[in-house]
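Trainee: A single structure is presented below for examination.
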Amino acid sequence: MNTDPGVVRDLFAGHYFLFAFLTSLGAIQIAVSNAGTRGLWLMPHATMTRWLGIVLIVSAIAIFFMQPLWVDGPWAAGSVEADSLTRDWGKANWDELAGARNVNDIHGGLDGVKQTGWFSLAAVTAFAVSAIAGTLSIKILNTVQPKSGDEQITSAQDGLAGLANRSYLSVQPESWRNFRADIGEFWQNGIREADSWNLIKSIWGRSSK
Amino acid sequence: MTSIDADIVIWLNGLSGNVAAFDNLMRIAASDYLMPLVFSLSMLGLWFSGKNPAQRIRYQLTTLMGISALSIANIVVWLFNITIERPRPFVEYGDQLTLSFYPPTDPSFPANPVAVGFAAATAAWTINRKFGLWLYAAAALFGFSRMYAGVFYPTDIIGGAVVGIAIYVFTTYLRRFLEPLITGFVRLIRGLSAA
C-alpha cells in the first residue's frame, strides 16, 4: 500500500462514524423501548422501536464490513493477506472482504483513542437525533396521551424519568432547574457522608468548613 | 510454559485454511472495529436501560465504572507491555504460523482487547448475569479469534481476562475514593435530561 496513512485514516474515520452512529442509535432505541422512555422513541410503539433498533445495528454492521465492495480503499488485491502495507488501492472482492478492514493503525486504521473519540461523538449525535425525533413524535403526532392524573405525577419528574411521557424540550428546563436547586445540598451531603480517607473530602471538606 | 503456549497457537492456527467460512468469521471477529464497538454499545445501552430512578442510577454508575475500567485497563496493559515486552507468536514462530491478521507492533502480554472486553463484561455482569455472560462470551471469542490468527498466546488471553476483571473490581473501590464527584457527574447529566 503506497497510500498516505492520513488519507486512509480519513476514509476509515468517515466510515467508522457512520457505523458507530447507526449502531448507537440502535442500542439507544432498544434500551429506551425496554425502559419505556417514550420521549426518545423513533417509532410510536415499543415493539416497533425495538425492532428498528435491531435493524439499525444489523444494517450498520453489514454496511461497514461490506463497504469495501463498492468504495475504493486500501483493501484490494491481497487484503486476505495479513500485512496491510502490501495492498493495492481499489475495491475488494468477496474473497477479500472478511480481512479488508484489518488495517494496522500505523497504516491508516483507527487506534483506540481515535475510536473512542469518534464513538463518543456518534453516541451524543444518536442521543440528539432520538431526542429530536421523540419531540417531533410527541408534539406533532401527539403519540403520548396522558391518562387522567398522570400529568401531575410526571411533571414532578426530570431527566430520563421525565422523558417517559414528555418530550425532551418540555423536560429539559425542569431538569436543569432541579439540578441547580439540588446540587449544592447534594454536594454538601456527599462530602459529609464520605469516608474519612475520601480524596474529594480531603480536598473539599476542609475548605467548606 | 512458553512451549505449551506456542504449541496451542501453532495447532489452532494450523486449523486455518480448511474451512473458508470459519476463517472469514474469525477475521471479522478479530477486527479492531467489531468487538470493541460491541463493548461500547453494551455500556451505552446499559446507561439508558433503567426502568425506575433507583435502577437507573445503579445502571448509570455501573456504566461509568465500566468506562473508567476500560481506560484504566489500557494503561495497565501498556505498563505490562513496557515491562515484560513479550514478542508476538508470529515473531517467534513465524515459519510455523499463517498470519491472518495484520502484524501488530506492540508486545503480546497481556492481550489488550481481551482486558477491555472482560472489564466491560464484568460491569454488565454485576447488573444482569445473562447479559454479562454474553459479553464474556464475546470477549472470549475476540481473544480466540486473535489467537487463531496467530497474534496472541493463550496466556496473553488469560492475562488479559484477569487484568480486565481485576481492574473493574479496583475501579469500584476507586469510586468510593472519588464520591460525591462520580454521582455528581451523573446528576449533571440528569440536569441535561440524559440520565
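Please note that chains go A, B, ... in the order of the C-alpha cells, that every chain numbers its residues from 1, and that ligands are numbered from 1 in the order shown.
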Which residues of chain A have any atom within 6 Å of an atom in chain B when counting only C-alpha atoms, and what is the closest pair of atoms for each, with the distance in Å to one decimal? Order the rows by chain and rising number and write it as CSV.
Mentor:
```
residue,atom,partner,partner_atom,distance
A:Ala27,CA,B:Gly45,CA,5.4
A:Ile28,CA,B:Gly45,CA,5.8
A:Ala31,CA,B:Ser49,CA,4.9
A:Ala35,CA,B:Lys51,CA,4.7
A:Ala82,CA,B:Tyr102,CA,4.3
A:Asp83,CA,B:Tyr102,CA,4.7
A:Ser84,CA,B:Tyr102,CA,5.9
A:Ala98,CA,B:Asn24,CA,5.2
A:Gly99,CA,B:Arg27,CA,5.7
A:Asn102,CA,B:Ser31,CA,5.8
A:Gly159,CA,B:Ser193,CA,3.8
A:Leu160,CA,B:Ala195,CA,5.4
A:Gln172,CA,B:Ser193,CA,5.7
A:Ser175,CA,B:Gly191,CA,4.6
A:Trp176,CA,B:Gly191,CA,4.4
A:Phe179,CA,B:Gly191,CA,5.1
A:Gly190,CA,B:Pro180,CA,5.1
A:Asn198,CA,B:Phe177,CA,4.5
A:Leu199,CA,B:Phe177,CA,5.6
A:Ile200,CA,B:Leu178,CA,5.8
```
Trainee: Go through segment 108-199 of chain A and collect every residue that DSSP, computed from the backbone, puts in helix (DSSP H, G or I); the answer should be as a PDB file with N, CA and C atoms, in the first residue's frame.
Mentor:
```pdb
ATOM      1  N   GLY A 112      -7.198   3.007  19.279  1.00  0.00           N
ATOM      2  CA  GLY A 112      -8.216   3.017  20.331  1.00  0.00           C
ATOM      3  C   GLY A 112      -8.670   4.407  20.722  1.00  0.00           C
ATOM      4  N   VAL A 113      -7.733   5.350  20.786  1.00  0.00           N
ATOM      5  CA  VAL A 113      -8.078   6.718  21.206  1.00  0.00           C
ATOM      6  C   VAL A 113      -8.995   7.377  20.174  1.00  0.00           C
ATOM      7  N   LYS A 114      -8.651   7.203  18.898  1.00  0.00           N
ATOM      8  CA  LYS A 114      -9.483   7.808  17.838  1.00  0.00           C
ATOM      9  C   LYS A 114     -10.865   7.145  17.801  1.00  0.00           C
ATOM     10  N   GLN A 115     -10.892   5.837  17.978  1.00  0.00           N
ATOM     11  CA  GLN A 115     -12.196   5.144  18.010  1.00  0.00           C
ATOM     12  C   GLN A 115     -13.040   5.664  19.164  1.00  0.00           C
ATOM     13  N   THR A 116     -12.407   5.883  20.325  1.00  0.00           N
ATOM     14  CA  THR A 116     -13.140   6.395  21.486  1.00  0.00           C
ATOM     15  C   THR A 116     -13.733   7.763  21.179  1.00  0.00           C
ATOM     16  N   GLY A 117     -12.926   8.629  20.563  1.00  0.00           N
ATOM     17  CA  GLY A 117     -13.393   9.979  20.211  1.00  0.00           C
ATOM     18  C   GLY A 117     -14.570   9.932  19.250  1.00  0.00           C
ATOM     19  N   TRP A 118     -14.419   9.156  18.172  1.00  0.00           N
ATOM     20  CA  TRP A 118     -15.495   9.073  17.178  1.00  0.00           C
ATOM     21  C   TRP A 118     -16.736   8.421  17.751  1.00  0.00           C
ATOM     22  N   PHE A 119     -16.552   7.392  18.597  1.00  0.00           N
ATOM     23  CA  PHE A 119     -17.714   6.720  19.184  1.00  0.00           C
ATOM     24  C   PHE A 119     -18.475   7.680  20.103  1.00  0.00           C
ATOM     25  N   SER A 120     -17.731   8.457  20.908  1.00  0.00           N
ATOM     26  CA  SER A 120     -18.388   9.403  21.827  1.00  0.00           C
ATOM     27  C   SER A 120     -19.220  10.404  21.044  1.00  0.00           C
ATOM     28  N   LEU A 121     -18.626  10.940  19.970  1.00  0.00           N
ATOM     29  CA  LEU A 121     -19.344  11.908  19.138  1.00  0.00           C
ATOM     30  C   LEU A 121     -20.588  11.258  18.516  1.00  0.00           C
ATOM     31  N   ALA A 122     -20.416  10.022  18.055  1.00  0.00           N
ATOM     32  CA  ALA A 122     -21.540   9.303  17.427  1.00  0.00           C
ATOM     33  C   ALA A 122     -22.655   9.043  18.447  1.00  0.00           C
ATOM     34  N   ALA A 123     -22.286   8.680  19.680  1.00  0.00           N
ATOM     35  CA  ALA A 123     -23.291   8.384  20.714  1.00  0.00           C
ATOM     36  C   ALA A 123     -24.064   9.649  21.085  1.00  0.00           C
ATOM     37  N   VAL A 124     -23.357  10.787  21.213  1.00  0.00           N
ATOM     38  CA  VAL A 124     -24.034  12.053  21.545  1.00  0.00           C
ATOM     39  C   VAL A 124     -24.974  12.446  20.397  1.00  0.00           C
ATOM     40  N   THR A 125     -24.509  12.279  19.151  1.00  0.00           N
ATOM     41  CA  THR A 125     -25.351  12.593  17.987  1.00  0.00           C
ATOM     42  C   THR A 125     -26.588  11.694  17.955  1.00  0.00           C
ATOM     43  N   ALA A 126     -26.388  10.409  18.275  1.00  0.00           N
ATOM     44  CA  ALA A 126     -27.512   9.468  18.281  1.00  0.00           C
ATOM     45  C   ALA A 126     -28.542   9.863  19.348  1.00  0.00           C
ATOM     46  N   PHE A 127     -28.067  10.313  20.508  1.00  0.00           N
ATOM     47  CA  PHE A 127     -28.987  10.771  21.559  1.00  0.00           C
ATOM     48  C   PHE A 127     -29.756  11.999  21.077  1.00  0.00           C
ATOM     49  N   ALA A 128     -29.013  12.936  20.445  1.00  0.00           N
ATOM     50  CA  ALA A 128     -29.659  14.168  19.963  1.00  0.00           C
ATOM     51  C   ALA A 128     -30.734  13.839  18.928  1.00  0.00           C
ATOM     52  N   VAL A 129     -30.423  12.928  18.018  1.00  0.00           N
ATOM     53  CA  VAL A 129     -31.401  12.538  16.991  1.00  0.00           C
ATOM     54  C   VAL A 129     -32.626  11.893  17.651  1.00  0.00           C
ATOM     55  N   SER A 130     -32.387  11.044  18.647  1.00  0.00           N
ATOM     56  CA  SER A 130     -33.505  10.401  19.361  1.00  0.00           C
ATOM     57  C   SER A 130     -34.370  11.446  20.059  1.00  0.00           C
ATOM     58  N   ALA A 131     -33.713  12.437  20.682  1.00  0.00           N
ATOM     59  CA  ALA A 131     -34.458  13.476  21.407  1.00  0.00           C
ATOM     60  C   ALA A 131     -35.287  14.319  20.443  1.00  0.00           C
ATOM     61  N   ILE A 132     -34.690  14.678  19.302  1.00  0.00           N
ATOM     62  CA  ILE A 132     -35.419  15.495  18.304  1.00  0.00           C
ATOM     63  C   ILE A 132     -36.591  14.692  17.725  1.00  0.00           C
ATOM     64  N   ALA A 133     -36.316  13.440  17.351  1.00  0.00           N
ATOM     65  CA  ALA A 133     -37.382  12.605  16.772  1.00  0.00           C
ATOM     66  C   ALA A 133     -38.492  12.364  17.795  1.00  0.00           C
ATOM     67  N   GLY A 134     -38.103  12.121  19.052  1.00  0.00           N
ATOM     68  CA  GLY A 134     -39.091  11.900  20.113  1.00  0.00           C
ATOM     69  C   GLY A 134     -39.940  13.139  20.337  1.00  0.00           C
ATOM     70  N   THR A 135     -39.307  14.318  20.287  1.00  0.00           N
ATOM     71  CA  THR A 135     -40.032  15.581  20.467  1.00  0.00           C
ATOM     72  C   THR A 135     -41.038  15.781  19.332  1.00  0.00           C
ATOM     73  N   LEU A 136     -40.573  15.560  18.098  1.00  0.00           N
ATOM     74  CA  LEU A 136     -41.485  15.714  16.945  1.00  0.00           C
ATOM     75  C   LEU A 136     -42.656  14.741  17.051  1.00  0.00           C
ATOM     76  N   SER A 137     -42.334  13.514  17.472  1.00  0.00           N
ATOM     77  CA  SER A 137     -43.370  12.489  17.581  1.00  0.00           C
ATOM     78  C   SER A 137     -44.432  12.892  18.610  1.00  0.00           C
ATOM     79  N   ILE A 138     -43.979  13.427  19.751  1.00  0.00           N
ATOM     80  CA  ILE A 138     -44.920  13.785  20.818  1.00  0.00           C
ATOM     81  C   ILE A 138     -45.665  15.074  20.494  1.00  0.00           C
ATOM     82  N   LYS A 139     -44.910  16.080  20.007  1.00  0.00           N
ATOM     83  CA  LYS A 139     -45.529  17.397  19.769  1.00  0.00           C
ATOM     84  C   LYS A 139     -46.421  17.409  18.526  1.00  0.00           C
ATOM     85  N   ASP A 150     -52.148  11.648  35.377  1.00  0.00           N
ATOM     86  CA  ASP A 150     -50.750  11.353  35.059  1.00  0.00           C
ATOM     87  C   ASP A 150     -49.888  12.599  34.976  1.00  0.00           C
ATOM     88  N   GLU A 151     -50.490  13.670  34.442  1.00  0.00           N
ATOM     89  CA  GLU A 151     -49.703  14.877  34.195  1.00  0.00           C
ATOM     90  C   GLU A 151     -49.101  15.430  35.479  1.00  0.00           C
ATOM     91  N   GLN A 152     -49.876  15.365  36.549  1.00  0.00           N
ATOM     92  CA  GLN A 152     -49.391  15.894  37.814  1.00  0.00           C
ATOM     93  C   GLN A 152     -48.202  15.066  38.324  1.00  0.00           C
ATOM     94  N   ILE A 153     -48.286  13.749  38.115  1.00  0.00           N
ATOM     95  CA  ILE A 153     -47.207  12.872  38.591  1.00  0.00           C
ATOM     96  C   ILE A 153     -45.947  13.094  37.756  1.00  0.00           C
ATOM     97  N   THR A 154     -46.128  13.088  36.425  1.00  0.00           N
ATOM     98  CA  THR A 154     -44.955  13.177  35.565  1.00  0.00           C
ATOM     99  C   THR A 154     -44.311  14.549  35.605  1.00  0.00           C
ATOM    100  N   GLY A 159     -35.021  14.557  33.984  1.00  0.00           N
ATOM    101  CA  GLY A 159     -34.101  13.591  33.388  1.00  0.00           C
ATOM    102  C   GLY A 159     -34.817  12.556  32.541  1.00  0.00           C
ATOM    103  N   LEU A 160     -34.259  11.358  32.479  1.00  0.00           N
ATOM    104  CA  LEU A 160     -34.869  10.297  31.668  1.00  0.00           C
ATOM    105  C   LEU A 160     -36.237   9.896  32.202  1.00  0.00           C
ATOM    106  N   ALA A 161     -36.424  10.022  33.531  1.00  0.00           N
ATOM    107  CA  ALA A 161     -37.734   9.691  34.112  1.00  0.00           C
ATOM    108  C   ALA A 161     -38.810  10.589  33.524  1.00  0.00           C
ATOM    109  N   GLY A 162     -38.480  11.876  33.346  1.00  0.00           N
ATOM    110  CA  GLY A 162     -39.433  12.824  32.765  1.00  0.00           C
ATOM    111  C   GLY A 162     -39.734  12.513  31.317  1.00  0.00           C
ATOM    112  N   TYR A 168     -38.318  15.943  25.091  1.00  0.00           N
ATOM    113  CA  TYR A 168     -37.067  16.469  25.634  1.00  0.00           C
ATOM    114  C   TYR A 168     -37.187  17.972  25.896  1.00  0.00           C
ATOM    115  N   LEU A 169     -37.799  18.688  24.971  1.00  0.00           N
ATOM    116  CA  LEU A 169     -37.899  20.148  25.117  1.00  0.00           C
ATOM    117  C   LEU A 169     -38.714  20.555  26.340  1.00  0.00           C
ATOM    118  N   SER A 170     -39.724  19.788  26.684  1.00  0.00           N
ATOM    119  CA  SER A 170     -40.539  20.163  27.847  1.00  0.00           C
ATOM    120  C   SER A 170     -39.883  19.721  29.160  1.00  0.00           C
ATOM    121  N   VAL A 171     -39.061  18.684  29.105  1.00  0.00           N
ATOM    122  CA  VAL A 171     -38.407  18.190  30.338  1.00  0.00           C
ATOM    123  C   VAL A 171     -37.143  18.987  30.660  1.00  0.00           C
ATOM    124  N   GLN A 172     -36.416  19.420  29.621  1.00  0.00           N
ATOM    125  CA  GLN A 172     -35.089  19.993  29.827  1.00  0.00           C
ATOM    126  C   GLN A 172     -35.049  21.197  30.786  1.00  0.00           C
ATOM    127  N   PRO A 173     -35.951  22.202  30.642  1.00  0.00           N
ATOM    128  CA  PRO A 173     -35.881  23.336  31.579  1.00  0.00           C
ATOM    129  C   PRO A 173     -36.031  22.886  33.036  1.00  0.00           C
ATOM    130  N   GLU A 174     -36.926  21.924  33.262  1.00  0.00           N
ATOM    131  CA  GLU A 174     -37.154  21.433  34.632  1.00  0.00           C
ATOM    132  C   GLU A 174     -35.941  20.661  35.147  1.00  0.00           C
ATOM    133  N   SER A 175     -35.341  19.864  34.276  1.00  0.00           N
ATOM    134  CA  SER A 175     -34.159  19.090  34.671  1.00  0.00           C
ATOM    135  C   SER A 175     -33.047  20.026  35.127  1.00  0.00           C
ATOM    136  N   TRP A 176     -32.823  21.075  34.349  1.00  0.00           N
ATOM    137  CA  TRP A 176     -31.732  21.999  34.671  1.00  0.00           C
ATOM    138  C   TRP A 176     -32.043  22.802  35.940  1.00  0.00           C
ATOM    139  N   ARG A 177     -33.315  23.194  36.070  1.00  0.00           N
ATOM    140  CA  ARG A 177     -33.731  23.946  37.262  1.00  0.00           C
ATOM    141  C   ARG A 177     -33.537  23.082  38.510  1.00  0.00           C
ATOM    142  N   ASN A 178     -33.951  21.820  38.434  1.00  0.00           N
ATOM    143  CA  ASN A 178     -33.793  20.916  39.580  1.00  0.00           C
ATOM    144  C   ASN A 178     -32.316  20.662  39.899  1.00  0.00           C
ATOM    145  N   PHE A 179     -31.515  20.529  38.836  1.00  0.00           N
ATOM    146  CA  PHE A 179     -30.078  20.314  39.045  1.00  0.00           C
ATOM    147  C   PHE A 179     -29.481  21.492  39.811  1.00  0.00           C
ATOM    148  N   ARG A 180     -29.792  22.713  39.375  1.00  0.00           N
ATOM    149  CA  ARG A 180     -29.236  23.905  40.029  1.00  0.00           C
ATOM    150  C   ARG A 180     -29.732  24.038  41.464  1.00  0.00           C
ATOM    151  N   ALA A 181     -30.980  23.633  41.680  1.00  0.00           N
ATOM    152  CA  ALA A 181     -31.551  23.757  43.027  1.00  0.00           C
ATOM    153  C   ALA A 181     -30.966  22.718  43.984  1.00  0.00           C
ATOM    154  N   ASP A 182     -30.656  21.528  43.474  1.00  0.00           N
ATOM    155  CA  ASP A 182     -30.265  20.404  44.342  1.00  0.00           C
ATOM    156  C   ASP A 182     -28.764  20.223  44.522  1.00  0.00           C
ATOM    157  N   ILE A 183     -27.980  20.685  43.553  1.00  0.00           N
ATOM    158  CA  ILE A 183     -26.589  20.257  43.504  1.00  0.00           C
ATOM    159  C   ILE A 183     -25.779  20.691  44.736  1.00  0.00           C
ATOM    160  N   GLY A 184     -26.081  21.886  45.268  1.00  0.00           N
ATOM    161  CA  GLY A 184     -25.342  22.378  46.442  1.00  0.00           C
ATOM    162  C   GLY A 184     -25.544  21.456  47.630  1.00  0.00           C
ATOM    163  N   GLU A 185     -26.804  21.157  47.917  1.00  0.00           N
ATOM    164  CA  GLU A 185     -27.118  20.300  49.062  1.00  0.00           C
ATOM    165  C   GLU A 185     -26.585  18.883  48.834  1.00  0.00           C
ATOM    166  N   PHE A 186     -26.742  18.393  47.596  1.00  0.00           N
ATOM    167  CA  PHE A 186     -26.234  17.058  47.248  1.00  0.00           C
ATOM    168  C   PHE A 186     -24.736  16.974  47.519  1.00  0.00           C
ATOM    169  N   TRP A 187     -24.022  18.008  47.106  1.00  0.00           N
ATOM    170  CA  TRP A 187     -22.559  18.026  47.254  1.00  0.00           C
ATOM    171  C   TRP A 187     -22.167  18.053  48.747  1.00  0.00           C
ATOM    172  N   GLN A 188     -22.820  18.918  49.505  1.00  0.00           N
ATOM    173  CA  GLN A 188     -22.507  19.021  50.938  1.00  0.00           C
ATOM    174  C   GLN A 188     -22.794  17.698  51.656  1.00  0.00           C
ATOM    175  N   ASN A 189     -23.955  17.089  51.352  1.00  0.00           N
ATOM    176  CA  ASN A 189     -24.297  15.800  51.970  1.00  0.00           C
ATOM    177  C   ASN A 189     -23.295  14.723  51.568  1.00  0.00           C
ATOM    178  N   GLY A 190     -22.913  14.744  50.301  1.00  0.00           N
ATOM    179  CA  GLY A 190     -21.954  13.759  49.806  1.00  0.00           C
ATOM    180  C   GLY A 190     -20.619  13.862  50.513  1.00  0.00           C
ATOM    181  N   ILE A 191     -20.153  15.072  50.705  1.00  0.00           N
ATOM    182  CA  ILE A 191     -18.869  15.297  51.397  1.00  0.00           C
ATOM    183  C   ILE A 191     -18.986  14.837  52.854  1.00  0.00           C
ATOM    184  N   ARG A 192     -20.126  15.168  53.479  1.00  0.00           N
ATOM    185  CA  ARG A 192     -20.330  14.829  54.895  1.00  0.00           C
ATOM    186  C   ARG A 192     -20.348  13.305  55.092  1.00  0.00           C
ATOM    187  N   GLU A 193     -21.014  12.608  54.162  1.00  0.00           N
ATOM    188  CA  GLU A 193     -21.165  11.158  54.313  1.00  0.00           C
ATOM    189  C   GLU A 193     -19.989  10.353  53.769  1.00  0.00           C
ATOM    190  N   LEU A 199     -10.777  11.189  48.801  1.00  0.00           N
ATOM    191  CA  LEU A 199      -9.936  12.235  48.205  1.00  0.00           C
ATOM    192  C   LEU A 199     -10.677  13.566  48.109  1.00  0.00           C
TER     193      LEU A 199
END
```
Trainee: Between atom CA of Ala73 of chain B and atom CA of Ser196 of chain A, what is the spacing in Å?
Mentor: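 About the pair atom CA of Ser196 of chain A and atom CA of Ala73 of chain B: they are 27.4 Å apart.
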Trainee: Can you measure atom CA of Phe21 of chain A to atom CA of Gly53 of chain A for me? One decimal in Å is fine.
Mentor: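 Atom-to-atom, atom CA of Phe21 of chain A and atom CA of Gly53 of chain A are spaced 11.9 Å apart.
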Trainee: What is the distance, in Å and to one decimal place, between atom CA of His45 of chain A and atom CA of Leu25 of chain A?
Mentor: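 Between these atoms lies a distance of 16.3 Å.
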